[in-house]
$ cat work_1.cif   # mmCIF, C-alpha atoms and all ligand atoms
data_work
#
loop_
_atom_site.label_atom_id
_atom_site.label_comp_id
_atom_site.auth_asym_id
_atom_site.auth_seq_id
_atom_site.Cartn_x
_atom_site.Cartn_y
_atom_site.Cartn_z
CA MET A 1 -1.90 -16.47 23.52
CA GLU A 2 -0.97 -13.18 21.88
CA ALA A 3 -2.48 -14.32 18.58
CA GLN A 4 -5.93 -14.72 20.12
CA LEU A 5 -5.66 -11.52 22.10
CA LEU A 6 -5.24 -9.58 18.88
CA MET A 7 -8.88 -10.24 18.10
CA ASP A 8 -9.77 -8.67 21.41
CA ASN A 9 -10.65 -5.02 20.85
CA ILE A 10 -8.63 -3.66 23.76
CA GLU A 11 -5.50 -5.58 22.85
CA ARG A 12 -5.91 -4.54 19.24
CA GLU A 13 -6.19 -0.92 20.29
CA ILE A 14 -3.04 -1.15 22.45
CA LEU A 15 -1.17 -2.69 19.54
CA SER A 16 -2.47 -0.03 17.16
CA ASN A 17 -1.45 2.82 19.50
CA ARG A 18 2.01 1.33 19.96
CA LEU A 19 2.44 0.88 16.25
CA ARG A 20 1.30 4.45 15.60
CA SER A 21 3.93 5.84 17.96
CA TRP A 22 6.65 3.63 16.42
CA ILE A 23 5.69 4.83 12.94
CA LEU A 24 5.87 8.48 14.00
CA GLN A 25 9.24 7.78 15.61
CA ALA A 26 10.57 6.11 12.43
CA GLY A 27 9.25 9.00 10.33
CA LYS A 28 11.09 11.50 12.51
CA ILE A 29 14.35 9.59 12.03
CA ILE A 30 13.84 9.62 8.25
CA ARG A 31 13.10 13.36 8.19
CA GLU A 32 16.19 14.13 10.26
CA LYS A 33 18.38 12.22 7.80
CA ILE A 34 16.61 13.21 4.58
CA ASN A 35 19.51 15.37 3.34
CA ASP A 36 22.31 12.99 4.37
CA PRO A 37 24.33 11.47 1.50
CA LEU A 38 22.69 8.29 0.21
CA VAL A 39 24.16 5.02 -0.94
CA VAL A 40 21.70 3.72 -3.52
CA SER A 41 21.78 0.11 -4.74
CA THR A 42 19.60 -1.66 -7.26
CA LYS A 43 17.66 -4.89 -6.70
CA SER A 44 15.69 -6.76 -9.40
CA ASN A 45 16.41 -4.17 -12.12
CA PRO A 46 18.13 -0.76 -12.55
CA LYS A 47 14.91 1.05 -11.58
CA ASP A 48 14.29 -1.03 -8.43
CA LEU A 49 16.19 0.95 -5.80
CA VAL A 50 17.11 0.33 -2.18
CA THR A 51 19.00 2.44 0.36
CA GLU A 52 20.41 1.97 3.84
CA MET A 53 17.34 3.82 5.08
CA ASP A 54 14.96 1.14 3.72
CA ARG A 55 16.91 -1.45 5.72
CA GLU A 56 17.28 0.69 8.82
CA VAL A 57 13.54 1.38 9.03
CA GLU A 58 12.59 -2.27 8.53
CA PHE A 59 15.15 -3.31 11.16
CA PHE A 60 13.61 -0.75 13.55
CA PHE A 61 10.19 -2.40 13.26
CA ALA A 62 11.59 -5.95 13.23
CA SER A 63 13.33 -5.25 16.55
CA LYS A 64 10.15 -3.80 18.11
CA ILE A 65 8.09 -6.81 17.00
CA LYS A 66 10.66 -9.26 18.32
CA ARG A 67 10.68 -7.53 21.70
CA PHE A 68 6.97 -6.76 22.18
CA TYR A 69 5.28 -9.46 20.07
CA PRO A 70 7.72 -12.39 19.81
CA HIS A 71 4.97 -14.77 18.63
CA HIS A 72 4.01 -12.59 15.67
CA LEU A 73 5.39 -13.15 12.18
CA LEU A 74 6.93 -10.53 9.90
CA LEU A 75 6.99 -10.27 6.14
CA GLY A 76 9.13 -7.31 5.11
CA GLU A 77 10.44 -6.10 1.79
CA GLU A 78 14.06 -5.90 2.96
CA GLY A 79 14.38 -9.41 4.35
CA TYR A 80 14.29 -8.97 8.14
CA GLY A 81 11.14 -11.10 8.31
CA HIS A 82 10.51 -14.79 8.79
CA SER A 83 11.14 -17.16 5.93
CA GLU A 84 8.30 -19.49 6.95
CA LEU A 85 4.95 -17.72 6.98
CA ASN A 86 1.67 -19.17 8.11
CA LYS A 87 -1.47 -17.30 7.17
CA THR A 88 -3.27 -18.45 10.29
CA ASP A 89 -0.93 -16.59 12.63
CA THR A 90 -0.63 -12.87 13.21
CA ILE A 91 1.51 -11.40 10.45
CA TRP A 92 2.95 -7.92 10.13
CA ILE A 93 3.50 -7.00 6.49
CA ILE A 94 5.89 -4.09 6.19
CA ASP A 95 7.20 -1.86 3.47
CA PRO A 96 9.64 0.40 5.32
CA ILE A 97 9.83 2.88 2.43
CA ASP A 98 7.25 2.57 -0.31
CA GLY A 99 8.33 4.78 -3.20
CA THR A 100 12.09 4.46 -2.81
CA MET A 101 12.67 6.21 -6.15
CA ASN A 102 10.73 9.21 -4.81
CA PHE A 103 12.70 9.01 -1.55
CA VAL A 104 15.98 9.14 -3.50
CA HIS A 105 15.07 11.69 -6.18
CA GLN A 106 12.23 13.81 -4.79
CA LYS A 107 12.81 13.50 -1.06
CA GLN A 108 9.04 13.40 -0.70
CA ASP A 109 6.02 11.29 -1.77
CA PHE A 110 7.16 8.09 -0.08
CA ALA A 111 5.50 6.26 2.78
CA ILE A 112 5.92 3.73 5.56
CA SER A 113 3.26 1.08 4.96
CA ILE A 114 2.30 -1.53 7.58
CA GLY A 115 -0.59 -3.99 7.61
CA ILE A 116 -1.31 -6.48 10.41
CA TYR A 117 -3.30 -9.59 9.51
CA HIS A 118 -4.71 -12.17 11.90
CA GLN A 119 -5.90 -15.50 10.51
CA GLY A 120 -5.77 -13.98 7.04
CA ILE A 121 -7.95 -10.99 7.92
CA GLY A 122 -6.63 -7.42 7.82
CA GLU A 123 -7.00 -5.95 11.31
CA ILE A 124 -4.76 -2.86 11.36
CA GLY A 125 -3.39 -0.73 8.52
CA TYR A 126 -1.16 2.35 8.60
CA ILE A 127 0.30 4.43 5.79
CA TYR A 128 2.53 7.32 6.81
CA ASP A 129 3.29 10.06 4.30
CA VAL A 130 6.53 10.92 6.06
CA MET A 131 7.44 14.33 4.66
CA ASN A 132 3.90 15.72 4.85
CA ASN A 133 3.42 14.18 8.30
CA ASN A 134 0.08 12.68 7.24
CA LEU A 135 -0.84 9.43 8.95
CA PHE A 136 -3.59 7.29 7.42
CA GLY A 137 -4.84 4.45 9.58
CA ALA A 138 -7.64 1.94 9.99
CA LEU A 139 -8.81 -0.73 12.39
CA ARG A 140 -11.11 -3.27 10.78
CA GLY A 141 -14.72 -2.30 11.43
CA ASN A 142 -13.87 1.11 12.91
CA GLY A 143 -13.49 3.22 9.76
CA ALA A 144 -10.37 4.91 8.39
CA TYR A 145 -8.66 8.04 9.66
CA LYS A 146 -6.28 10.68 8.37
CA ASN A 147 -4.49 12.33 11.31
CA ASN A 148 -7.27 11.32 13.72
CA VAL A 149 -10.03 12.74 11.52
CA LYS A 150 -12.44 10.09 10.26
CA LEU A 151 -12.56 9.77 6.48
CA PRO A 152 -16.06 9.82 4.99
CA SER A 153 -17.50 6.68 3.42
CA LEU A 154 -17.30 6.56 -0.38
CA GLU A 155 -20.45 4.50 -0.64
CA LYS A 156 -23.05 7.22 -0.60
CA ASP A 157 -21.80 9.14 -3.65
CA ASP A 158 -22.46 8.13 -7.19
CA LEU A 159 -19.63 8.77 -9.59
CA SER A 160 -19.30 8.65 -13.36
CA LEU A 161 -16.10 7.87 -15.22
CA ASP A 162 -15.94 11.31 -16.82
CA GLU A 163 -15.70 12.91 -13.40
CA SER A 164 -13.16 10.40 -12.06
CA MET A 165 -9.49 10.87 -11.23
CA VAL A 166 -7.46 7.72 -11.81
CA SER A 167 -3.83 6.86 -11.22
CA PHE A 168 -1.53 4.51 -13.08
CA SER A 169 1.99 4.47 -14.41
CA HIS A 170 2.82 6.18 -17.70
CA ARG A 171 4.51 2.99 -18.81
CA TRP A 172 1.09 1.38 -19.49
CA LEU A 173 0.56 3.98 -22.23
CA MET A 174 3.62 2.75 -24.15
CA LYS A 175 4.01 -0.61 -25.84
CA ASN A 176 4.60 -3.06 -22.97
CA ASN A 177 4.26 -6.70 -21.97
CA PHE A 178 1.42 -6.28 -19.48
CA VAL A 179 -1.43 -4.34 -21.10
CA ASN A 180 -2.63 -3.17 -24.47
CA GLU A 181 -1.59 0.46 -24.54
CA ARG A 182 -4.49 1.52 -26.80
CA THR A 183 -7.11 0.42 -24.29
CA MET A 184 -5.27 2.33 -21.59
CA GLN A 185 -5.13 5.38 -23.86
CA GLN A 186 -8.92 5.13 -24.25
CA LEU A 187 -9.21 5.10 -20.46
CA VAL A 188 -7.20 8.33 -20.35
CA ARG A 189 -9.66 9.90 -22.81
CA ASP A 190 -12.70 8.74 -20.84
CA VAL A 191 -11.77 9.93 -17.35
CA ARG A 192 -11.40 13.45 -16.04
CA GLY A 193 -7.75 13.25 -15.04
CA VAL A 194 -4.80 10.89 -14.64
CA ARG A 195 -2.07 11.20 -12.04
CA SER A 196 1.01 9.11 -11.33
CA TYR A 197 2.70 9.47 -7.94
CA GLY A 198 5.22 6.63 -7.73
CA SER A 199 4.14 5.19 -4.39
CA ALA A 200 1.57 2.41 -4.25
CA ALA A 201 0.80 3.07 -0.59
CA LEU A 202 0.06 6.73 -1.27
CA GLY A 203 -2.09 5.62 -4.22
CA PHE A 204 -4.27 3.61 -1.83
CA ALA A 205 -4.29 6.45 0.72
CA ARG A 206 -5.47 8.92 -1.91
CA VAL A 207 -8.27 6.58 -2.99
CA ALA A 208 -9.32 6.31 0.67
CA GLU A 209 -9.47 10.07 1.12
CA GLY A 210 -11.26 10.63 -2.20
CA ALA A 211 -8.41 12.55 -3.86
CA LEU A 212 -8.21 9.70 -6.38
CA ASP A 213 -11.11 7.50 -7.50
CA ALA A 214 -8.95 4.60 -8.67
CA TYR A 215 -5.39 3.37 -8.33
CA ILE A 216 -4.34 0.78 -10.92
CA THR A 217 -1.09 -1.14 -11.21
CA MET A 218 0.01 -4.30 -12.99
CA ARG A 219 2.43 -5.70 -10.44
CA LEU A 220 2.74 -5.22 -6.71
CA GLU A 221 4.25 -7.23 -3.89
CA PRO A 222 2.28 -8.14 -0.74
CA TRP A 223 3.96 -5.37 1.30
CA ASP A 224 2.84 -2.74 -1.24
CA ILE A 225 -0.79 -3.83 -0.81
CA ALA A 226 -1.19 -4.96 2.80
CA ALA A 227 -1.98 -1.67 4.57
CA GLY A 228 -3.65 0.05 1.66
CA ARG A 229 -6.40 -2.43 1.13
CA ILE A 230 -7.41 -2.41 4.80
CA ILE A 231 -7.69 1.39 4.77
CA VAL A 232 -9.57 1.56 1.45
CA ASN A 233 -11.91 -1.20 2.58
CA GLU A 234 -12.86 0.79 5.68
CA VAL A 235 -14.23 3.66 3.58
CA GLY A 236 -16.17 1.30 1.30
CA GLY A 237 -13.65 1.21 -1.57
CA ILE A 238 -12.97 -2.05 -3.43
CA THR A 239 -9.55 -3.64 -3.99
CA THR A 240 -9.03 -6.61 -6.35
CA ASP A 241 -6.64 -7.72 -9.04
CA VAL A 242 -7.26 -6.22 -12.51
CA ARG A 243 -9.55 -9.15 -13.43
CA GLY A 244 -11.76 -8.33 -10.47
CA LYS A 245 -10.62 -11.29 -8.35
CA GLU A 246 -9.63 -11.25 -4.71
CA ILE A 247 -5.89 -10.90 -4.01
CA GLY A 248 -4.18 -13.51 -1.80
CA LEU A 249 -2.46 -12.19 1.29
CA LEU A 250 1.03 -13.33 0.38
CA GLU A 251 0.84 -13.08 -3.41
CA ARG A 252 2.34 -10.77 -5.98
CA SER A 253 -0.56 -9.33 -7.97
CA SER A 254 -1.94 -6.66 -10.21
CA VAL A 255 -4.23 -4.25 -8.33
CA ILE A 256 -7.17 -1.97 -8.83
CA SER A 257 -8.31 -0.14 -5.73
CA ALA A 258 -11.27 2.08 -6.48
CA HIS A 259 -14.41 3.92 -5.50
CA PRO A 260 -17.27 1.38 -5.43
CA ALA A 261 -19.22 3.20 -8.16
CA ILE A 262 -16.51 2.74 -10.81
CA HIS A 263 -14.55 -0.37 -9.79
CA GLU A 264 -16.57 -2.86 -11.83
CA ARG A 265 -16.80 -0.57 -14.83
CA LEU A 266 -13.03 -0.09 -14.93
CA VAL A 267 -12.45 -3.83 -14.66
CA LYS A 268 -14.99 -4.88 -17.30
CA ARG A 269 -14.73 -2.09 -19.81
CA TYR A 270 -10.97 -1.53 -19.78
CA LEU A 271 -8.74 -3.78 -17.69
CA ARG A 272 -10.05 -7.23 -18.65
CA ARG A 273 -9.80 -6.21 -22.30
CA ALA A 274 -6.38 -4.65 -21.91
CA ILE A 275 -4.39 -7.24 -19.97
CA LYS A 276 -2.06 -9.64 -21.70
CA ARG A 277 -1.35 -13.20 -20.66
CA GLY A 278 0.99 -13.41 -17.73
CA VAL A 279 -0.59 -10.61 -15.72
CA ARG A 280 -1.64 -11.90 -12.32
P1 LIG A 301 8.88 0.39 -3.61
O1 LIG A 301 9.33 1.78 -3.78
O2 LIG A 301 8.65 -0.02 -2.20
O3 LIG A 301 9.77 -0.60 -4.34
C1 LIG A 301 6.20 2.56 -7.98
O4 LIG A 301 5.36 2.70 -9.07
C2 LIG A 301 5.51 1.66 -6.98
O5 LIG A 301 5.67 0.28 -7.36
C3 LIG A 301 6.11 1.78 -5.61
O6 LIG A 301 5.11 1.56 -4.67
C4 LIG A 301 7.17 0.69 -5.58
O7 LIG A 301 7.44 0.23 -4.28
C5 LIG A 301 6.49 -0.38 -6.40
N1 LIG A 301 7.47 -1.21 -7.11
C6 LIG A 301 8.64 -0.82 -7.61
N2 LIG A 301 9.27 -1.85 -8.23
C7 LIG A 301 8.47 -2.92 -8.09
C8 LIG A 301 8.56 -4.28 -8.51
N3 LIG A 301 9.58 -4.74 -9.21
N4 LIG A 301 7.54 -5.10 -8.19
C9 LIG A 301 6.50 -4.63 -7.50
N5 LIG A 301 6.35 -3.36 -7.09
C10 LIG A 301 7.33 -2.50 -7.37
CA CA A 302 9.96 -0.44 -0.37
#
$ encode --input "work_1.cif" --output "structure tokens"
Amino acid sequence: MEAQLLMDNIEREILSNRLRSWILQAGKIIREKINDPLVVSTKSNPKDLVTEMDREVEFFFASKIKRFYPHHLLLGEEGYGHSELNKTDTIWIIDPIDGTMNFVHQKQDFAISIGIYHQGIGEIGYIYDVMNNNLFGALRGNGAYKNNVKLPSLEKDDLSLDESMVSFSHRWLMKNNFVNERTMQQLVRDVRGVRSYGSAALGFARVAEGALDAYITMRLEPWDIAAGRIIVNEVGGITTDVRGKEIGLLERSSVISAHPAIHERLVKRYLRRAIKRGVR
């Protein structure tokens, strides 16, 4: 059975190598078409964008999975996946373009994000920063890599809040339904710097490489989280919801992914105090 073979190291490596080459191929297609005219539609709200490219890239991976791994399941943002998902099987969780607003307006700072889970455990994660041609990847237990260079573990360094770089959306600093803006303003005062990039996947990738010490967001979908948390976990970073609880594989959730020295402090001192009812 394919599902069992995934746990086998050699099979997992073959799958990972295949996936890496497919991701690079998809990235090349995106770069070649980056200046083509775009048809942009909106989904859940006027700021939630989707393009033909989001669909084309997801279809590309859905076709590969169907051909090479017909027993595997797919959960994808654009709807090419299976409607019935079973956590015990092998599931590919795909965001074909994470950061669609950046893709449309900046033509950079978006990523292909793919996590593969077997029996609920994250085995393979890839995040591809398409325009910079930076590929972040991890196999569970083997560490995380950026372009084939192993990323150092975060665990050995200590880190204080006043030397930390954190990332969250500017909207949490205005009056909003998710968090108390004053507590978030205090967080801005207490850390060294705040950045907002507009792609969850690249937020996770930057935490993994140490460019950010924490990425915080109040609402993400499973495909925004799936690859990132595998990669961050492999360098010793911690990913939970903003209460500090584990995030279910197929659930929408708030997220804090952070350096192990500051994760608990951010949760206890700021996020638990800041969140309003209704935040998951
Ligand atoms: P997307 O571009 O794949 O939709 C922007 O701050 C980040 O949040 C992006 O990673 C974006 O992913 C994600 N995002 C945008 N709208 C969202 C929504 N309604 N729910 C969850 N995540 C969303
Ligand atoms: Ca997307």
$ residues_around --input "work_1.cif" --residues "Glu264 in chain A" --least-positions-apart "5" --cutoff "10 Å" --atoms "only C-alpha atoms" --output "compact mmCIF listing (two decimals) with C-alpha atoms, in the coordinates of the input"
# COMPACT_ATOMS: atom_id res chain seq x y z
CA ILE A 238 -12.97 -2.05 -3.43
CA VAL A 242 -7.26 -6.22 -12.51
CA ARG A 243 -9.55 -9.15 -13.43
CA GLY A 244 -11.76 -8.33 -10.47
CA ILE A 256 -7.17 -1.97 -8.83
CA ALA A 258 -11.27 2.08 -6.48
CA HIS A 259 -14.41 3.92 -5.50
CA ARG A 269 -14.73 -2.09 -19.81
CA TYR A 270 -10.97 -1.53 -19.78
CA LEU A 271 -8.74 -3.78 -17.69
$ atom_distance --input "work_1.cif" --atom1 "CA of Pro46 in chain A" --atom2 "CA of Phe103 in chain A"
15.7 Å
$ atom_distance --input "work_1.cif" --atom1 "atom N3 of ligand LIG 301 (chain A)" --atom2 "CA of Trp223 in chain A"
11.9 Å
$ residues_near_ligand --input "work_1.cif" --ligand "ligand LIG 301 (chain A)" --cutoff "9 Å" --atoms "all atoms listed in the file" --output "number ranges by chain"
A: 43-45, 47-50, 54, 77, 95-103, 110-111, 168-169, 196-203, 217-225, 252-253
$ atom_distance --input "work_1.cif" --atom1 "CA of Gly278 in chain A" --atom2 "CA of Glu246 in chain A"
16.9 Å
$ closest_residue --input "work_1.cif" --among "A:Lys268, A:Arg182, A:Lys64, A:Lys107" --to "Leu15 in chain A" --atoms "all atoms listed in the file"
A:Lys64
$ axis_aligned_box --input "work_1.cif" --around "range 162-169 of chain A" --padding-each-side "3 Å" --output "JSON"
{"center_x": -7.0, "center_y": 8.7, "center_z": -14.0, "size_x": 23.9, "size_y": 14.4, "size_z": 11.6}
$ residues_near_point --input "work_1.cif" --point "(-12.5, 3.5, -1.1)" --cutoff "10 Å" --atoms "all atoms listed in the file" --output "VMD selection string"
chain A and resid 144 151 to 155 204 to 210 212 to 214 228 to 239 257 to 261 263
$ closest_residue --input "work_1.cif" --among "A:Ser83, A:Thr90, A:Thr42, A:Gln119" --to "ligand CA 302 (chain A)" --atoms "all atoms listed in the file"
A:Thr42
$ residues_near_point --input "work_1.cif" --point "(-1.7, 13.9, 10.5)" --cutoff "8 Å" --atoms "all atoms listed in the file" --output "VMD selection string"
chain A and resid 133 to 136 146 to 148
$ write_last_selection --input "work_1.cif" --atoms "C-alpha atoms" --output "PDB file, in the frame of the given file"
ATOM      1  CA  ASN A 133       3.420  14.180   8.300  1.00  0.00           C
ATOM      2  CA  ASN A 134       0.080  12.680   7.240  1.00  0.00           C
ATOM      3  CA  LEU A 135      -0.840   9.430   8.950  1.00  0.00           C
ATOM      4  CA  PHE A 136      -3.590   7.290   7.420  1.00  0.00           C
ATOM      5  CA  LYS A 146      -6.280  10.680   8.370  1.00  0.00           C
ATOM      6  CA  ASN A 147      -4.490  12.330  11.310  1.00  0.00           C
ATOM      7  CA  ASN A 148      -7.270  11.320  13.720  1.00  0.00           C
TER       8      ASN A 148
END
$ closest_residue --input "work_1.cif" --among "A:Ile112, A:Val267, A:Leu161, A:Leu24" --to "ligand CA 302 (chain A)" --atoms "all atoms listed in the file"
A:Ile112
